[in-house]
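Visitor: Input structure: coords-v4.txt, which contains compact mmCIF, C-alpha atoms and all ligand atoms.
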```txt
# COMPACT_ATOMS: atom_id res chain seq x y z
CA MET A 354 3.71 6.24 19.17
CA ASN A 355 3.59 2.51 18.46
CA SER A 356 1.23 2.14 15.53
CA LEU A 357 0.70 4.16 12.41
CA PRO A 358 -2.62 5.95 11.76
CA ILE A 359 -5.07 4.36 9.30
CA ILE A 360 -7.02 6.94 7.29
CA ASP A 361 -10.15 6.18 5.28
CA ILE A 362 -9.76 8.44 2.24
CA SER A 363 -13.07 7.59 0.54
CA PRO A 364 -14.52 11.08 1.33
CA LEU A 365 -11.84 12.54 -0.96
CA TYR A 366 -13.91 11.00 -3.79
CA GLY A 367 -17.30 12.16 -2.44
CA ASP A 368 -19.13 15.47 -2.60
CA SER A 369 -19.19 16.50 1.08
CA PRO A 370 -16.78 19.43 1.61
CA SER A 371 -16.76 18.89 5.38
CA ALA A 372 -15.93 15.17 5.05
CA TRP A 373 -13.19 16.08 2.54
CA GLN A 374 -11.80 18.59 5.03
CA SER A 375 -11.85 16.09 7.87
CA VAL A 376 -9.76 13.61 5.83
CA ALA A 377 -7.40 16.44 4.81
CA ASN A 378 -6.92 17.28 8.51
CA GLN A 379 -6.14 13.65 9.41
CA ILE A 380 -3.59 13.47 6.59
CA ASP A 381 -2.01 16.73 7.73
CA GLN A 382 -1.67 15.50 11.31
CA ALA A 383 -0.16 12.17 10.19
CA CYS A 384 2.33 14.00 7.94
CA ARG A 385 3.48 16.19 10.85
CA GLN A 386 3.63 13.47 13.50
CA TRP A 387 4.81 10.48 11.52
CA GLY A 388 5.42 11.19 7.85
CA PHE A 389 3.81 7.73 7.54
CA PHE A 390 0.23 6.43 7.52
CA TYR A 391 -2.00 3.79 5.97
CA ILE A 392 -4.83 4.62 3.58
CA LYS A 393 -7.96 2.57 2.99
CA GLY A 394 -11.02 3.39 0.89
CA HIS A 395 -8.89 4.09 -2.22
CA PRO A 396 -10.05 3.19 -5.74
CA ILE A 397 -7.35 0.59 -6.66
CA SER A 398 -9.27 -2.71 -6.75
CA PRO A 399 -8.06 -5.94 -5.07
CA ALA A 400 -8.33 -7.63 -8.49
CA ARG A 401 -5.85 -5.10 -9.95
CA ILE A 402 -3.39 -5.67 -7.10
CA THR A 403 -3.61 -9.46 -7.57
CA GLU A 404 -3.05 -9.11 -11.30
CA VAL A 405 0.00 -6.84 -10.94
CA LEU A 406 1.43 -9.09 -8.22
CA ASP A 407 0.96 -12.20 -10.40
CA HIS A 408 2.82 -10.50 -13.23
CA ALA A 409 5.60 -9.43 -10.84
CA GLN A 410 6.03 -13.03 -9.69
CA ARG A 411 6.12 -14.28 -13.29
CA PHE A 412 8.81 -11.74 -14.11
CA PHE A 413 11.04 -12.33 -11.10
CA ARG A 414 10.91 -16.12 -11.68
CA LEU A 415 12.48 -15.73 -15.13
CA PRO A 416 16.14 -16.76 -15.47
CA VAL A 417 18.44 -13.90 -14.51
CA GLU A 418 19.88 -13.70 -18.08
CA GLU A 419 16.35 -13.03 -19.33
CA LYS A 420 15.77 -10.29 -16.74
CA LEU A 421 19.13 -8.70 -17.48
CA LYS A 422 17.96 -8.04 -21.06
CA ILE A 423 16.43 -4.90 -19.50
CA ASP A 424 19.28 -4.21 -17.04
CA ILE A 425 18.68 -0.85 -15.32
CA THR A 426 22.41 -0.23 -14.98
CA GLN A 427 22.68 -0.09 -18.78
CA THR A 428 20.31 2.90 -18.98
CA ARG A 429 20.82 6.56 -18.24
CA HIS A 430 17.15 7.11 -17.49
CA HIS A 431 16.60 4.56 -14.74
CA ARG A 432 14.26 1.96 -16.26
CA GLY A 433 14.24 -1.82 -16.09
CA TYR A 434 15.61 -4.62 -13.93
CA GLY A 435 17.91 -4.18 -10.94
CA ALA A 436 19.54 -7.45 -9.83
CA VAL A 437 20.14 -8.34 -6.16
CA ALA A 438 22.66 -6.00 -4.50
CA THR A 439 22.44 -3.28 -7.19
CA GLU A 440 21.31 -0.86 -4.50
CA GLN A 441 22.75 -0.09 -1.06
CA LEU A 442 20.27 2.01 0.90
CA ASP A 443 22.16 1.91 4.22
CA PRO A 444 25.88 2.63 3.66
CA ALA A 445 26.70 0.93 7.00
CA LYS A 446 25.22 -2.41 5.83
CA PRO A 447 25.84 -4.83 2.96
CA SER A 448 23.97 -4.12 -0.32
CA ASP A 449 20.22 -4.81 -0.26
CA LEU A 450 18.89 -8.35 -0.64
CA LYS A 451 16.24 -7.51 -3.22
CA GLU A 452 15.65 -7.37 -6.99
CA THR A 453 13.60 -4.68 -8.67
CA PHE A 454 11.75 -3.55 -11.79
CA ASP A 455 11.39 0.21 -12.34
CA MET A 456 9.24 2.08 -14.85
CA GLY A 457 8.32 5.71 -15.27
CA LEU A 458 6.29 7.91 -17.59
CA HIS A 459 6.87 6.50 -21.06
CA LEU A 460 8.27 9.20 -23.33
CA PRO A 461 8.84 8.34 -27.00
CA ALA A 462 12.19 8.89 -28.70
CA ASP A 463 10.95 12.09 -30.41
CA HIS A 464 9.79 13.81 -27.19
CA PRO A 465 11.78 17.08 -26.74
CA ASP A 466 13.15 15.99 -23.35
CA VAL A 467 14.40 12.71 -24.84
CA LEU A 468 15.91 14.47 -27.86
CA ALA A 469 17.65 16.84 -25.42
CA HIS A 470 18.98 13.82 -23.38
CA LYS A 471 17.35 15.12 -20.20
CA PRO A 472 18.10 12.81 -17.29
CA LEU A 473 15.34 10.42 -16.11
CA ARG A 474 13.49 10.90 -19.43
CA GLY A 475 12.90 8.22 -22.04
CA PRO A 476 10.95 5.12 -23.03
CA ASN A 477 10.02 2.37 -20.59
CA ARG A 478 11.76 -0.98 -20.91
CA HIS A 479 9.22 -3.72 -20.34
CA PRO A 480 9.87 -7.46 -20.26
CA ASP A 481 8.44 -9.48 -23.11
CA LEU A 482 5.57 -11.06 -21.12
CA ALA A 483 1.99 -11.38 -22.40
CA GLY A 484 -0.27 -8.62 -21.09
CA TRP A 485 2.52 -6.94 -19.09
CA GLU A 486 2.87 -3.61 -20.84
CA PRO A 487 -0.79 -2.44 -20.96
CA LEU A 488 -1.35 -3.59 -17.36
CA MET A 489 1.68 -1.80 -15.94
CA GLU A 490 1.10 1.38 -17.97
CA GLN A 491 -2.51 1.52 -16.71
CA HIS A 492 -1.45 0.83 -13.13
CA TYR A 493 1.15 3.60 -13.34
CA ARG A 494 -1.53 6.09 -14.43
CA ASP A 495 -3.94 4.99 -11.70
CA MET A 496 -1.28 5.24 -8.97
CA GLN A 497 -0.31 8.71 -10.24
CA ALA A 498 -3.96 9.81 -9.99
CA LEU A 499 -4.23 8.43 -6.43
CA ALA A 500 -1.05 10.26 -5.39
CA GLN A 501 -2.43 13.53 -6.78
CA THR A 502 -5.69 13.04 -4.89
CA LEU A 503 -3.68 12.81 -1.65
CA LEU A 504 -1.52 15.79 -2.58
CA ARG A 505 -4.65 17.84 -3.28
CA ALA A 506 -5.83 17.05 0.27
CA MET A 507 -2.50 18.28 1.64
CA THR A 508 -2.89 21.71 0.04
CA LEU A 509 -5.51 22.69 2.60
CA ALA A 510 -3.18 22.57 5.60
CA LEU A 511 -0.12 23.73 3.64
CA GLY A 512 -1.99 26.93 2.74
CA ILE A 513 -1.50 26.64 -1.04
CA GLU A 514 -3.97 26.65 -3.94
CA ARG A 515 -5.92 23.43 -4.42
CA ASP A 516 -4.27 22.82 -7.82
CA PHE A 517 -0.72 23.70 -6.66
CA PHE A 518 0.56 20.13 -7.04
CA ASP A 519 -1.60 19.28 -10.07
CA THR A 520 0.04 22.08 -12.05
CA ARG A 521 3.49 20.76 -11.08
CA PHE A 522 2.85 17.03 -11.63
CA THR A 523 2.43 17.31 -15.43
CA GLU A 524 4.70 14.80 -17.23
CA PRO A 525 6.01 13.67 -13.84
CA VAL A 526 9.13 11.64 -13.07
CA SER A 527 7.19 9.29 -10.78
CA VAL A 528 8.43 5.70 -10.62
CA LEU A 529 6.45 2.49 -10.24
CA ARG A 530 8.71 -0.16 -8.76
CA LEU A 531 8.11 -3.86 -8.24
CA ILE A 532 10.33 -5.53 -5.64
CA HIS A 533 11.10 -9.16 -4.84
CA TYR A 534 12.84 -9.92 -1.56
CA PRO A 535 14.30 -13.44 -1.64
CA PRO A 536 13.91 -15.30 1.65
CA ARG A 537 16.45 -15.15 4.44
CA HIS A 538 17.46 -18.54 5.77
CA THR A 539 18.90 -18.05 9.26
CA ALA A 540 18.18 -15.63 12.09
CA SER A 541 21.74 -14.27 11.86
CA SER A 542 21.35 -13.40 8.16
CA ALA A 543 19.35 -10.26 9.14
CA GLU A 544 22.64 -8.33 8.80
CA GLN A 545 22.01 -8.15 5.03
CA GLN A 546 18.70 -6.34 5.04
CA GLY A 547 16.05 -6.52 2.35
CA ALA A 548 16.13 -2.73 2.22
CA GLY A 549 18.59 -0.92 4.47
CA ALA A 550 17.42 1.98 6.64
CA HIS A 551 16.72 5.03 4.48
CA THR A 552 14.40 7.93 3.88
CA ASP A 553 12.70 8.16 0.48
CA TYR A 554 14.02 10.80 -1.91
CA GLY A 555 10.93 12.28 -3.43
CA CYS A 556 7.53 13.70 -2.55
CA ILE A 557 5.15 10.94 -1.60
CA THR A 558 5.38 7.14 -1.75
CA LEU A 559 2.40 4.77 -1.91
CA LEU A 560 3.45 1.25 -0.99
CA TYR A 561 1.60 -2.00 -1.48
CA GLN A 562 3.16 -4.85 0.51
CA ASP A 563 2.11 -8.51 0.37
CA ALA A 564 1.30 -10.59 3.46
CA ALA A 565 4.92 -11.55 4.32
CA GLY A 566 5.69 -8.55 6.59
CA GLY A 567 9.08 -7.08 7.44
CA LEU A 568 8.61 -3.31 6.93
CA GLN A 569 9.71 -1.24 9.93
CA VAL A 570 9.44 2.50 10.58
CA ARG A 571 11.50 4.53 13.04
CA ASN A 572 9.33 6.50 15.44
CA VAL A 573 10.23 9.89 16.95
CA ASN A 574 11.86 8.10 19.92
CA GLY A 575 14.22 6.28 17.59
CA GLN A 576 12.56 2.88 18.05
CA TRP A 577 11.87 0.61 15.08
CA ILE A 578 8.21 -0.35 14.98
CA ASP A 579 6.57 -2.85 12.63
CA ALA A 580 4.34 -1.55 9.84
CA PRO A 581 2.51 -4.83 9.24
CA PRO A 582 0.56 -5.63 6.07
CA ILE A 583 -3.10 -4.61 6.34
CA ASP A 584 -5.45 -5.96 3.70
CA GLY A 585 -6.78 -3.39 1.24
CA THR A 586 -4.40 -0.61 2.30
CA PHE A 587 -1.39 1.24 0.98
CA VAL A 588 1.30 2.52 3.32
CA VAL A 589 1.90 6.18 2.47
CA ASN A 590 5.05 8.05 3.39
CA LEU A 591 6.70 11.33 2.56
CA GLY A 592 10.18 11.68 1.14
CA ASP A 593 12.97 14.23 1.50
CA MET A 594 11.76 16.45 -1.34
CA MET A 595 8.44 17.01 0.47
CA ALA A 596 10.30 17.65 3.75
CA ARG A 597 12.30 20.38 1.97
CA TRP A 598 9.27 21.79 0.18
CA SER A 599 7.40 22.06 3.49
CA ASN A 600 10.45 23.35 5.42
CA ASP A 601 10.36 20.18 7.57
CA ARG A 602 6.74 20.72 8.58
CA TYR A 603 6.14 17.30 7.03
CA LEU A 604 8.47 14.47 8.04
CA SER A 605 10.51 12.15 5.87
CA THR A 606 10.89 9.19 8.22
CA PRO A 607 13.52 6.41 8.12
CA HIS A 608 12.27 2.93 7.36
CA ARG A 609 13.73 -0.45 6.37
CA VAL A 610 12.78 -3.99 5.40
CA ILE A 611 13.98 -7.03 7.33
CA SER A 612 13.36 -9.92 4.92
CA PRO A 613 11.17 -12.56 6.51
CA LEU A 614 12.66 -15.95 7.33
CA GLY A 615 12.01 -18.63 4.72
CA VAL A 616 9.42 -16.80 2.59
CA ASP A 617 9.60 -14.59 -0.47
CA ARG A 618 8.25 -11.07 -0.12
CA TYR A 619 6.83 -8.88 -2.88
CA SER A 620 6.11 -5.17 -2.62
CA MET A 621 5.26 -2.34 -5.03
CA PRO A 622 6.11 1.23 -4.10
CA PHE A 623 4.93 4.08 -6.30
CA PHE A 624 7.19 7.11 -5.88
CA ALA A 625 5.24 10.23 -6.92
CA GLU A 626 7.47 13.06 -8.14
CA PRO A 627 6.65 16.25 -10.06
CA HIS A 628 7.88 17.48 -13.45
CA PRO A 629 11.70 17.38 -13.36
CA ASP A 630 12.09 21.17 -13.73
CA THR A 631 9.83 21.93 -10.75
CA GLN A 632 11.42 24.36 -8.31
CA ILE A 633 11.53 22.91 -4.81
CA GLN A 634 11.40 26.05 -2.75
CA CYS A 635 9.98 26.53 0.76
CA LEU A 636 6.16 26.76 0.40
CA PRO A 637 4.91 30.26 1.26
CA GLY A 638 2.84 29.05 4.21
CA CYS A 639 5.65 26.96 5.70
CA GLN A 640 8.30 29.59 6.36
CA ASP A 641 8.81 30.32 10.07
CA GLU A 642 8.42 34.01 10.87
CA GLY A 643 11.75 35.79 11.19
CA HIS A 644 13.72 32.80 9.85
CA PRO A 645 15.00 32.10 6.36
CA PRO A 646 13.93 28.79 4.74
CA LYS A 647 15.99 25.85 6.05
CA TYR A 648 17.02 24.63 2.58
CA PRO A 649 18.21 26.37 -0.57
CA THR A 650 16.01 26.11 -3.65
CA THR A 651 16.68 23.13 -5.91
CA THR A 652 14.85 21.42 -8.76
CA CYS A 653 13.17 18.05 -8.66
CA ALA A 654 15.62 16.46 -11.13
CA GLU A 655 18.71 17.93 -9.49
CA PHE A 656 17.64 16.68 -6.09
CA LEU A 657 16.64 13.17 -7.22
CA LEU A 658 19.85 12.67 -9.20
CA SER A 659 21.99 13.58 -6.20
CA ARG A 660 20.11 11.05 -4.07
CA PHE A 661 20.35 8.28 -6.71
CA ALA A 662 24.12 8.77 -6.79
CA ASP A 663 24.20 8.08 -3.03
CA THR A 664 22.63 4.63 -3.32
CA TYR A 665 23.68 3.28 -6.73
CA ALA A 666 27.37 2.68 -7.37
CA TYR A 667 26.69 2.46 -11.14
CA ARG A 668 25.21 5.96 -11.19
CA ARG A 669 28.24 7.40 -9.39
CA GLU A 670 30.42 5.82 -12.08
CA GLN A 671 28.20 7.24 -14.86
CA GLN A 672 28.38 10.73 -13.37
CA ALA A 673 32.17 10.53 -13.13
CA VAL A 674 32.57 10.01 -16.89
O1 LIG B 1 9.37 -2.95 0.18
C1 LIG B 1 9.01 -2.22 1.08
O2 LIG B 1 8.15 -2.56 1.90
C2 LIG B 1 9.61 -0.85 1.26
C3 LIG B 1 10.50 -0.47 0.13
C4 LIG B 1 11.06 0.92 0.31
O3 LIG B 1 11.08 1.47 1.37
C5 LIG B 1 11.58 1.63 -0.87
O4 LIG B 1 11.70 1.00 -1.95
O5 LIG B 1 11.84 2.84 -0.76
FE FE B 2 11.51 3.55 1.10
```
What would you get if you wrote out this structure as structure tokens?

Guide:
Amino acid sequence: MNSLPIIDISPLYGDSPSAWQSVANQIDQACRQWGFFYIKGHPISPARITEVLDHAQRFFRLPVEEKLKIDITQTRHHRGYGAVATEQLDPAKPSDLKETFDMGLHLPADHPDVLAHKPLRGPNRHPDLAGWEPLMEQHYRDMQALAQTLLRAMTLALGIERDFFDTRFTEPVSVLRLIHYPPRHTASSAEQQGAGAHTDYGCITLLYQDAAGGLQVRNVNGQWIDAPPIDGTFVVNLGDMMARWSNDRYLSTPHRVISPLGVDRYSMPFFAEPHPDTQIQCLPGCQDEGHPPKYPTTTCAEFLLSRFADTYAYRREQQAV
């Protein structure tokens, strides 16, 4: 249990049902044993990754006053820039040593959910950088499609219809996040982690990490193991919503980032989440015979909002007013 599986998902895009099934089985096994795996053979090109990464670096190098023009803490729908220490993923540690940009599905001001002030719904807030908006909006759509391809493969082992997730991921509340981890300067400064130990909140996360390293995953024996960068891959992991949906058949595994010494690190997680009103209720094939489901039914939005309040002080304050 010392290295994560690497799964070539290219057969999910081919026309051989048996090859498709073999990939689906590998994904199922990784979800049960680890809740974490790498994928290769996906359709996101290296040129796209380089382009998005270049834009991320351009953005994070702007003066902080410029970045704060789209301050995430000034929104109710969780879009824009989060300065260093806005988030505290591990309550036993100092706030995280990272800055972030978050975007979601862009909904215009006249969309019914926006008119009704539904949480997590609204327009994106992009920085004023040439080429940024079309690139990021396209990348968001492509990452959403990749997530749904993986979810479709999971339906086989979960015993649900092939389009179960597709019908629930319409107008999703998925988030594309760009992260910059400033360098750490001394060995002892590891106390303030890049990202404190946490499990993800949602369904499935697809993470691109640059070459700096620092991501660690806790294995079933409680040991932290490195999840090093591997060229051309995404690290995939499941979040708490999928653990609930699958009645803990699929694992939501703790992970953290120890910022590397002396170098900047950039990463880009895509958190795939369904439509906010989706009922998260034990999947029919996942209930253990003679036992009730482990978790009460909730909705996607209700669950995500409760988890946001745990890690963002500003959201706790907003909910109190
Ligand atoms: O930056 C990384 O490598 C991981 C980030 C992460 O775990 C998160 O944002 O949930
Ligand atoms: Fe995470």

Visitor: Considering all atoms listed in the file, state which residue in the set A:Ala564, A:Leu503, A:Leu458, A:Ile557 is at the smallest distance from Met594 in chain A.

Guide: A:Ile557

Visitor: Extract, using only C-alpha atoms, all DNA, RNA and protein residues at most 7 Å from range 628-638 of chain A, discarding same-chain residues fewer than 6 positions from it, and format them as a ChimeraX atom specification.

Guide: /A:511-512,521-526,597-600,646,650-654

Visitor: Hey, which of A:Ala506, A:Leu473, A:Leu591, A:Leu604 ends up closest to Leu657 in chain A? Count only C-alpha atoms.

Guide: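 Selected residue with least distance to Leu657 in chain A: A:Leu473.
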
Visitor: Taking all atoms listed in the file into account, which residues have an atom no farther than 7 Å from ligand FE 2 (chain B)? I'd like them as a PyMOL selection string.

Guide: chain A and resi 551-553+608-609

Visitor: Please compute the CA of Pro535 in chain A-CA of Leu614 in chain A distance, one decimal, in Å.

Guide: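 Atom-to-atom, CA of Pro535 in chain A and CA of Leu614 in chain A are spaced 9.5 Å apart.
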
Visitor: Please check which protein, DNA or RNA residues sit within 10 Å of ligand LIG 1 (chain B), counting all atoms listed in the file, and write them as a count of residues only.

Guide: 49

Visitor: Check the smallest atom-to-atom distance from each of A:Glu655, A:Asp455, A:Glu626, A:Asp601 to Gln386 in chain A using all atoms listed in the file, then report the winner.

Guide: A:Asp601

Visitor: At what distance in Å, to one decimal, does CA of Ser605 in chain A lie from CA of Gln374 in chain A?

Guide: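 The value is 23.2 Å.
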
Visitor: Find the residue from A:Pro447, A:Gly433, A:Pro645, A:Pro396 that sits nearest to Lys420 in chain A; use only C-alpha atoms when measuring.

Guide: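 The shortest atom-to-atom distance to Lys420 in chain A comes from A:Gly433.
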
Visitor: Taking all atoms listed in the file into account, which of A:Pro627, A:Gly475, A:Pro480, A:Gly388 comes nearest Thr520 in chain A?

Guide: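 Ranked by minimum distance to Thr520 in chain A, first place goes to A:Pro627.
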
Visitor: Counting only C-alpha atoms, which of A:Ile392, A:Cys639, A:Leu468, A:Leu365 gets nearest to Met595 in chain A?

Guide: A:Cys639

Visitor: Could you check how far CA of Asp449 in chain A sits from CA of Gln546 in chain A, in Å to one decimal?

Guide: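 So the answer is 5.7 Å.
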
Visitor: Work out where the centre of an axis-aligned box around every listed atom of range 454-469 of chain A lies and how long its edges are once 4 Å is added on each side; give both in Å to one decimal as JSON.

Guide:
```
{"center_x": 12.0, "center_y": 6.8, "center_z": -21.1, "size_x": 19.4, "size_y": 28.6, "size_z": 26.6}
```

Visitor: Would you kindly identify which residues have an atom no farther than 10 Å from (7.8, 8.9, 18.4), using all atoms listed in the file and the file's own coordinates, and write them out as a list in words?

Guide: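 All residues meeting the 10 Å criterion around (7.8, 8.9, 18.4) are Met354, Asn355, Ser356, Gln386, Trp387, Arg571, Asn572, Val573, Asn574, Gly575, Gln576, Trp577 and Ile578 of chain A.
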
Visitor: Output as a CSV table (one decimal), in the coordinates of the input: range 380-402 of chain A, completed with N, CA, C and O atoms.

Guide:
```
chain,number,residue,atom,x,y,z
A,380,ILE,N,-4.8,13.7,7.4
A,380,ILE,CA,-3.6,13.5,6.6
A,380,ILE,C,-2.5,14.5,7.1
A,380,ILE,O,-1.4,14.1,7.3
A,381,ASP,N,-3.0,15.7,7.3
A,381,ASP,CA,-2.0,16.7,7.7
A,381,ASP,C,-1.4,16.3,9.1
A,381,ASP,O,-0.1,16.4,9.2
A,382,GLN,N,-2.2,15.9,10.0
A,382,GLN,CA,-1.7,15.5,11.3
A,382,GLN,C,-0.7,14.3,11.2
A,382,GLN,O,0.4,14.3,11.8
A,383,ALA,N,-1.0,13.3,10.4
A,383,ALA,CA,-0.2,12.2,10.2
A,383,ALA,C,1.2,12.6,9.5
A,383,ALA,O,2.2,12.1,9.9
A,384,CYS,N,1.1,13.5,8.6
A,384,CYS,CA,2.3,14.0,7.9
A,384,CYS,C,3.2,14.7,8.9
A,384,CYS,O,4.5,14.6,8.8
A,385,ARG,N,2.7,15.5,9.9
A,385,ARG,CA,3.5,16.2,10.8
A,385,ARG,C,4.0,15.3,11.9
A,385,ARG,O,5.1,15.4,12.4
A,386,GLN,N,3.2,14.3,12.4
A,386,GLN,CA,3.6,13.5,13.5
A,386,GLN,C,4.5,12.3,13.1
A,386,GLN,O,5.3,11.8,13.8
A,387,TRP,N,4.2,11.7,11.9
A,387,TRP,CA,4.8,10.5,11.5
A,387,TRP,C,5.5,10.6,10.2
A,387,TRP,O,6.5,9.9,10.0
A,388,GLY,N,5.0,11.3,9.3
A,388,GLY,CA,5.4,11.2,7.8
A,388,GLY,C,5.1,9.8,7.3
A,388,GLY,O,5.5,9.5,6.2
A,389,PHE,N,4.2,9.1,7.9
A,389,PHE,CA,3.8,7.7,7.5
A,389,PHE,C,2.4,7.5,8.0
A,389,PHE,O,2.0,7.8,9.1
A,390,PHE,N,1.6,6.9,7.1
A,390,PHE,CA,0.2,6.4,7.5
A,390,PHE,C,-0.3,5.4,6.5
A,390,PHE,O,0.3,5.2,5.5
A,391,TYR,N,-1.3,4.7,6.9
A,391,TYR,CA,-2.0,3.8,6.0
A,391,TYR,C,-3.2,4.5,5.4
A,391,TYR,O,-3.9,5.3,6.1
A,392,ILE,N,-3.5,4.2,4.1
A,392,ILE,CA,-4.8,4.6,3.6
A,392,ILE,C,-5.7,3.4,3.2
A,392,ILE,O,-5.2,2.4,2.7
A,393,LYS,N,-7.0,3.5,3.5
A,393,LYS,CA,-8.0,2.6,3.0
A,393,LYS,C,-9.1,3.4,2.3
A,393,LYS,O,-9.1,4.6,2.4
A,394,GLY,N,-9.9,2.7,1.6
A,394,GLY,CA,-11.0,3.4,0.9
A,394,GLY,C,-10.5,4.1,-0.4
A,394,GLY,O,-11.1,5.0,-0.9
A,395,HIS,N,-9.4,3.6,-1.0
A,395,HIS,CA,-8.9,4.1,-2.2
A,395,HIS,C,-9.5,3.3,-3.4
A,395,HIS,O,-10.0,2.2,-3.2
A,396,PRO,N,-9.4,3.9,-4.6
A,396,PRO,CA,-10.0,3.2,-5.7
A,396,PRO,C,-9.3,2.1,-6.5
A,396,PRO,O,-9.8,1.6,-7.5
A,397,ILE,N,-8.1,1.7,-6.0
A,397,ILE,CA,-7.4,0.6,-6.7
A,397,ILE,C,-7.9,-0.7,-6.2
A,397,ILE,O,-7.9,-1.1,-5.0
A,398,SER,N,-8.5,-1.5,-7.1
A,398,SER,CA,-9.3,-2.7,-6.8
A,398,SER,C,-8.3,-3.9,-6.3
A,398,SER,O,-7.2,-4.0,-6.8
A,399,PRO,N,-8.8,-4.8,-5.4
A,399,PRO,CA,-8.1,-5.9,-5.1
A,399,PRO,C,-7.7,-6.8,-6.3
A,399,PRO,O,-6.6,-7.4,-6.4
A,400,ALA,N,-8.6,-6.8,-7.3
A,400,ALA,CA,-8.3,-7.6,-8.5
A,400,ALA,C,-7.1,-7.1,-9.2
A,400,ALA,O,-6.3,-7.8,-9.7
A,401,ARG,N,-7.0,-5.7,-9.3
A,401,ARG,CA,-5.8,-5.1,-10.0
A,401,ARG,C,-4.6,-5.5,-9.2
A,401,ARG,O,-3.6,-5.8,-9.9
A,402,ILE,N,-4.6,-5.4,-7.9
A,402,ILE,CA,-3.4,-5.7,-7.1
A,402,ILE,C,-3.0,-7.1,-7.4
A,402,ILE,O,-1.8,-7.4,-7.6
```
